[in-house]
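Take a look at the structure below.
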Amino acid sequence: MRYKRTVLVLFVLLALIQSAVPVWMIVHRETTLKTGRLFKFRTAPVDPYDAFRGRYVAITIENSAAPADGASDLKSGQKVYVHITEDSEGFAAFDKATVRRPEGDAYIRTRVSFVVNEPSGPKVYFEVPFDRYYMEETAAPAAEDAYRQYGSLPERSDAYVTVRVKDGFAVLEELYVGGQPIREFVRESGRSSG
């Protein structure tokens, strides 16, 4: 009898833990979207498909590298904190990569992809944690087309994403093309298929 009760208690605990993990992930993401600091990053377009999560526009941030601050022996896969700065136009850029968690809220926590030793010092290339903008299945092909065509224009400097950052966690909020959210840009340009 005692064995059955123990198994039942363990089963209930396991079920609660399994339920809590996705709930925590959703709450963490939504909290970041509501209270995180907003940054704008310039982008370059590409678009694939994820069979498990659906259609998305792949986002490439113009500069996903930063000088290593201090430790020059960074290795691929190592956790780093990448500081974010903003230019006079309000666009964000990556300033430096450190192994220590910085003060303030202008940083992302990520992993090193690789390090290149340059004359000015080591440059850290890292995984950008906001590289996919998910869309509904019917709108994604038109958005991909619009983003790719717009991205090839010389004045594409107003293609960017807004990202909310809180405690090193980053969530992509919106993709803008021509100064408009991508859904509006597609709708107004008559490219929408749904």
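Order determines the names: the first chain of the structure tokens is A, the second B, and so forth; residues in each chain are numbered 1 upward, and ligands are numbered 1 upward as they are shown.
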Residues of chain A in strand (DSSP E or B) according to DSSP, as an MDAnalysis selection string? chainID A and resid 37:46 49:50 54:61 65:68 79:86 91:98 107:118 121:126 132:134 160:166 168:177 180:181
Which residues of region 16-106 of chain A come within 6 Å of region 129-146 of chain A, and what is each one's closest atom pair and distance in Å (one decimal), counting only C-alpha atoms, sorted by chain and residue number, as CSV?
```
residue,atom,partner,partner_atom,distance
A:Arg55,CA,A:Glu137,CA,5.7
A:Tyr56,CA,A:Tyr134,CA,4.1
A:Val57,CA,A:Tyr133,CA,5.1
A:Ala58,CA,A:Arg132,CA,4.7
A:Ile59,CA,A:Asp131,CA,4.6
```
Between A:Glu184, A:Asp167, A:Val21, A:Arg5, which one has atoms that come closest to His83 (chain A), using only C-alpha atoms? A:Asp167
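Among A:Asp73, A:Glu188, A:Glu174, A:Glu30, the residue with the shortest atom-to-atom distance to Gly121 (chain A), counting only C-alpha atoms, is A:Asp73.
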Residue with the minimum atom-to-atom distance to His28 (chain A), picked from A:Tyr176, A:Phe185, A:Phe169, A:Phe94 with only C-alpha atoms counted, is A:Phe169
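Nearest residue to Glu103 (chain A), choosing from A:Pro119, A:Asp87, A:Gly168, A:Ser64 and counting only C-alpha atoms: A:Gly168.
Take CA of Phe114 (chain A) and CA of Ala97 (chain A): the distance between them is 12.1 Å.
Considering only C-alpha atoms, the residue among A:Tyr107, A:Phe39, A:Phe91, A:Tyr160 positioned nearest to Gln180 (chain A) is A:Tyr160.
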One decimal place gives the CA of Val124 (chain A)-CA of Arg109 (chain A) separation as 13.4 Å
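For the atom pair formed by CA of Thr60 (chain A) and CA of Val99 (chain A), the distance is 23.8 Å, given to one decimal.
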